[in-house]
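Asks: Below is the file model-v3.txt, which contains compact mmCIF, C-alpha atoms.
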# COMPACT_ATOMS: atom_id res chain seq x y z
CA MET Y 1 -302.05 -92.74 113.16
CA ALA Y 2 -304.87 -90.67 114.57
CA ILE Y 3 -305.98 -87.22 113.57
CA ARG Y 4 -307.85 -85.04 116.00
CA VAL Y 5 -308.81 -81.44 115.48
CA GLY Y 6 -305.53 -79.89 114.37
CA ARG Y 7 -303.43 -82.67 115.94
CA LEU Y 8 -301.61 -85.64 114.47
CA GLU Y 9 -300.73 -88.61 116.68
CA VAL Y 10 -298.41 -91.29 115.34
CA GLU Y 11 -297.55 -94.47 117.23
CA THR Y 12 -294.07 -95.77 116.51
CA PRO Y 13 -293.21 -99.50 116.35
CA ASP Y 14 -291.89 -99.12 119.90
CA HIS Y 15 -295.37 -97.93 121.00
CA VAL Y 16 -294.24 -94.37 121.59
CA VAL Y 17 -296.89 -91.83 120.64
CA LEU Y 18 -295.59 -88.78 118.81
CA ARG Y 19 -297.91 -85.78 118.91
CA TYR Y 20 -297.73 -83.01 116.33
CA THR Y 21 -299.77 -79.89 115.75
CA LEU Y 22 -300.82 -79.61 112.11
CA ALA Y 23 -299.82 -76.37 110.41
CA GLY Y 24 -302.66 -74.08 109.45
CA VAL Y 25 -303.29 -72.11 106.31
CA GLY Y 26 -301.87 -68.87 107.70
CA ASN Y 27 -298.39 -70.04 108.67
CA ARG Y 28 -298.12 -72.19 105.57
CA GLY Y 29 -299.14 -69.22 103.42
CA PHE Y 30 -296.60 -66.87 104.98
CA ALA Y 31 -293.87 -69.50 104.64
CA ALA Y 32 -294.85 -70.04 100.98
CA VAL Y 33 -294.60 -66.31 100.25
CA VAL Y 34 -291.09 -66.17 101.75
CA ASP Y 35 -290.03 -69.27 99.83
CA PHE Y 36 -291.43 -68.03 96.52
CA LEU Y 37 -289.66 -64.70 96.92
CA ILE Y 38 -286.38 -66.56 97.48
CA ALA Y 39 -287.02 -68.86 94.50
CA LEU Y 40 -287.91 -65.80 92.41
CA LEU Y 41 -284.66 -64.10 93.42
CA ILE Y 42 -282.70 -67.24 92.49
CA THR Y 43 -284.41 -67.49 89.10
CA ALA Y 44 -284.06 -63.74 88.42
CA GLY Y 45 -280.39 -63.83 89.40
CA LEU Y 46 -279.76 -66.75 87.07
CA GLU Y 47 -281.72 -64.98 84.31
CA ILE Y 48 -279.65 -61.82 84.71
CA GLY Y 49 -276.49 -63.89 84.70
CA TYR Y 50 -277.61 -65.67 81.53
CA GLY Y 51 -278.50 -62.34 79.89
CA ARG Y 52 -275.01 -61.06 80.44
CA ILE Y 53 -273.25 -64.09 79.02
CA GLY Y 54 -275.85 -65.52 76.61
CA ALA Y 55 -276.73 -64.61 73.07
CA PRO Y 56 -280.22 -63.03 73.20
CA GLY Y 57 -280.85 -63.55 69.46
CA GLU Y 58 -281.15 -67.33 69.71
CA ALA Y 59 -284.85 -67.92 70.44
CA VAL Y 60 -284.80 -71.72 70.72
CA LEU Y 61 -281.73 -71.84 72.93
CA GLY Y 62 -283.04 -68.91 74.98
CA GLY Y 63 -286.35 -70.71 75.60
CA PHE Y 64 -284.55 -73.87 76.65
CA ILE Y 65 -282.31 -71.90 79.00
CA ARG Y 66 -285.34 -70.21 80.58
CA ILE Y 67 -286.95 -73.61 81.22
CA VAL Y 68 -283.71 -74.78 82.85
CA LEU Y 69 -283.67 -71.60 84.97
CA PHE Y 70 -287.27 -72.24 86.04
CA VAL Y 71 -286.40 -75.83 87.04
CA LEU Y 72 -283.39 -74.58 89.01
CA GLY Y 73 -285.59 -72.06 90.84
CA TRP Y 74 -288.18 -74.76 91.53
CA SER Y 75 -285.51 -77.12 92.82
CA TYR Y 76 -285.01 -74.71 95.73
CA PHE Y 77 -288.05 -76.29 97.41
CA ILE Y 78 -286.90 -79.85 96.76
CA LEU Y 79 -283.31 -79.37 97.86
CA PHE Y 80 -284.07 -77.45 101.03
CA GLU Y 81 -286.89 -79.74 102.19
CA TRP Y 82 -284.71 -82.77 101.54
CA LEU Y 83 -281.44 -81.46 103.00
CA TRP Y 84 -282.93 -79.47 105.91
CA ASN Y 85 -285.14 -82.30 107.23
CA GLY Y 86 -288.40 -81.01 105.78
CA GLN Y 87 -287.77 -77.30 106.10
CA THR Y 88 -287.17 -74.47 103.68
CA VAL Y 89 -286.11 -70.98 104.72
CA GLY Y 90 -289.77 -69.94 104.96
CA LYS Y 91 -290.80 -73.04 106.90
CA ARG Y 92 -287.89 -72.59 109.30
CA ALA Y 93 -288.78 -68.93 109.82
CA PHE Y 94 -292.37 -69.84 110.73
CA GLY Y 95 -291.54 -73.00 112.69
CA LEU Y 96 -292.91 -75.58 110.23
CA ARG Y 97 -291.60 -78.96 109.05
CA VAL Y 98 -292.64 -81.61 106.50
CA ILE Y 99 -292.89 -85.16 107.87
CA ASN Y 100 -294.07 -88.54 106.57
CA GLU Y 101 -297.29 -90.17 107.76
CA ASP Y 102 -295.28 -92.30 110.19
CA GLY Y 103 -293.70 -89.25 111.85
CA SER Y 104 -290.29 -89.73 110.24
CA PRO Y 105 -288.56 -86.97 108.28
CA ALA Y 106 -289.74 -86.76 104.68
CA GLY Y 107 -287.37 -88.57 102.31
CA PHE Y 108 -286.27 -87.46 98.88
CA VAL Y 109 -289.03 -89.28 96.96
CA ALA Y 110 -291.78 -87.81 99.16
CA VAL Y 111 -290.29 -84.32 98.90
CA PHE Y 112 -289.92 -84.67 95.13
CA VAL Y 113 -293.53 -85.85 94.67
CA ARG Y 114 -295.05 -83.16 96.90
CA ASN Y 115 -293.12 -80.46 95.05
CA LEU Y 116 -293.92 -81.89 91.62
CA VAL Y 117 -297.63 -81.70 92.45
CA ARG Y 118 -297.08 -78.11 93.67
CA ILE Y 119 -297.68 -77.09 90.03
CA VAL Y 120 -301.27 -78.39 90.28
CA ASP Y 121 -301.72 -76.87 93.76
CA PHE Y 122 -300.71 -73.53 92.28
CA LEU Y 123 -303.66 -73.47 89.83
CA PRO Y 124 -305.66 -71.33 88.91
CA SER Y 125 -303.59 -68.70 90.73
CA PHE Y 126 -301.24 -68.54 93.70
CA TYR Y 127 -302.10 -71.82 95.51
CA GLY Y 128 -305.80 -71.80 94.59
CA LEU Y 129 -306.37 -75.57 94.60
CA GLY Y 130 -303.79 -76.14 97.33
CA LEU Y 131 -305.53 -73.67 99.63
CA LEU Y 132 -308.91 -75.29 99.04
CA ALA Y 133 -307.43 -78.73 99.72
CA ILE Y 134 -305.88 -77.56 103.01
CA VAL Y 135 -309.14 -76.01 104.17
CA PHE Y 136 -311.43 -78.88 103.15
CA THR Y 137 -309.33 -81.92 104.12
CA SER Y 138 -309.50 -83.05 107.73
CA ARG Y 139 -305.73 -83.55 107.68
CA SER Y 140 -304.84 -80.00 106.50
CA GLN Y 141 -303.02 -81.38 103.46
CA ARG Y 142 -302.62 -79.84 100.04
CA LEU Y 143 -302.73 -82.05 96.97
CA GLY Y 144 -298.94 -82.50 97.00
CA ASP Y 145 -299.10 -83.72 100.61
CA LEU Y 146 -301.89 -86.14 99.77
CA ALA Y 147 -299.91 -87.54 96.83
CA ALA Y 148 -296.66 -87.87 98.81
CA GLY Y 149 -298.17 -89.03 102.10
CA THR Y 150 -296.73 -86.09 104.04
CA PHE Y 151 -297.92 -83.58 106.62
CA VAL Y 152 -296.76 -80.07 107.44
CA VAL Y 153 -296.55 -79.72 111.21
CA ARG Y 154 -295.51 -77.06 113.64
CA ALA Y 155 -291.92 -77.64 114.71
CA PRO Y 156 -291.00 -74.95 117.24
CA LYS Y 157 -287.38 -74.38 118.06
CA PRO Y 158 -286.34 -76.68 120.88
CA ARG Y 159 -285.67 -75.03 124.21
CA LEU Y 160 -282.68 -76.42 125.98
CA ASP Y 161 -282.48 -76.35 129.74
CA TRP Y 162 -278.74 -76.31 130.31
CA LEU Y 163 -279.13 -76.85 134.02
CA ALA Y 164 -280.88 -80.18 133.43
CA LEU Y 165 -277.81 -81.39 131.53
CA ARG Y 166 -275.60 -80.92 134.60
CA THR Y 167 -275.41 -83.00 137.72
CA VAL Y 168 -275.97 -81.65 141.19
CA SER Y 169 -272.58 -82.79 142.49
CA ARG Y 170 -269.20 -81.30 141.74
CA PRO Y 171 -267.53 -82.86 138.68
CA GLY Y 172 -265.51 -85.89 139.75
CA ALA Y 173 -267.06 -86.14 143.21
CA PRO Y 174 -268.77 -89.49 143.78
CA VAL Y 175 -272.42 -89.59 144.76
CA ALA Y 176 -273.36 -92.09 147.45
CA LEU Y 177 -275.78 -94.77 146.34
CA GLY Y 178 -277.10 -97.66 148.38
CA GLY Y 179 -273.94 -99.55 149.45
CA GLY Y 180 -271.49 -96.65 149.60
CA ARG Y 181 -270.67 -96.91 145.88
CA GLY Y 182 -270.70 -93.73 143.89
CA LEU Y 183 -271.02 -92.59 140.32
CA SER Y 184 -269.04 -89.73 138.90
CA GLY Y 185 -270.85 -86.80 137.35
CA GLU Y 186 -270.01 -88.11 133.87
CA ALA Y 187 -271.47 -91.54 134.68
CA GLN Y 188 -274.63 -89.87 135.98
CA ARG Y 189 -275.06 -87.89 132.77
CA ILE Y 190 -274.70 -91.06 130.71
How would this structure read if it were set down as structure tokens?
Replies:
Amino acid sequence: MAIRVGRLEVETPDHVVLRYTLAGVGNRGFAAVVDFLIALLITAGLEIGYGRIGAPGEAVLGGFIRIVLFVLGWSYFILFEWLWNGQTVGKRAFGLRVINEDGSPAGFVAVFVRNLVRIVDFLPSFYGLGLLAIVFTSRSQRLGDLAAGTFVVRAPKPRLDWLALRTVSRPGAPVALGGGRGLSGEAQRI
């Protein structure tokens, strides 16, 4: 693994070098705002739902329910990053992805750890320590990324060239190779 100014290069066991562009503070910040608004809407919706069916006079039970609602809202980050291969709605909107140090998609444990440490990154106010960590580390990692061994990289939407997936010949027509043998279009694509 090599880190150059804003770039991450990971060599796989097969000696293939994967190159990633590290996500900056701006895109990560905008993605975080979108994600926190969604998590806030989830928590507020659950709170309103609880208020309609719950008994507001029970202080102890009400406090416990609010903690459960907070955990459910916070689990938005964990579930989406785990199930969407390192992306939340905000990260997907801004073309970002969470990966492990070896370039593989972040697994559940890494996602759980990075989001558990998000509470510390959030101090003293909206991502205060996390922002400082991103700016001052050479790897552009917040504390949760450092603890989990993950990176947030730019993951632009892939552009497919549909013409490159087709063969030049008509489907089913053999293409002459060396000794007069031919391959069908399907065999060429394979």
Asks: Could you check which of Y:Gly6, Y:Ile48, Y:Leu22, Y:Phe77 is closest to Phe36 in chain Y, using all atoms listed in the file?
Replies: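 Nearest to Phe36 in chain Y: Y:Phe77.
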Asks: Under the rule that only C-alpha atoms are counted, which of Y:Gly86, Y:Gly63, Y:Gly73, Y:Gly45 is the nearest residue to Arg154 in chain Y?
Replies: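 Counting only C-alpha atoms, the residue closest to Arg154 in chain Y is Y:Gly86.
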Asks: In terms of the shortest atom-to-atom distance over all atoms listed in the file, which of Y:Phe136, Y:Leu129, Y:Glu101, Y:Asn115 is closest to Gly149 in chain Y?
Replies: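 Looking only at the distances to Gly149 in chain Y, the closest residue turns out to be Y:Glu101.
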Asks: May I ask which of the residues Y:Arg97, Y:Arg28, Y:Arg142, Y:His15 is the closest one to Ile119 in chain Y, counting all atoms listed in the file?
Replies: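 With all atoms listed in the file as the atom set, the closest residue is Y:Arg142.
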Asks: Figure out the distance between CA of Leu123 in chain Y and CA of Ile99 in chain Y, please, to one decimal in Å.
Replies: 24.0 Å
Asks: Using only C-alpha atoms, pick whichever of Y:Ile67, Y:Val135, Y:Ala44, Y:Ala32 has the shortest atom-to-atom distance to Gly90 in chain Y.
Replies: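 Between Y:Ile67, Y:Val135, Y:Ala44, Y:Ala32, the residue approaching Gly90 in chain Y most closely is Y:Ala32.
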Asks: Of the residues Y:Ser125, Y:Ser104, Y:Thr12, Y:Thr137, which is the one nearest to Thr150 in chain Y, using all atoms listed in the file?
Replies: Y:Ser104
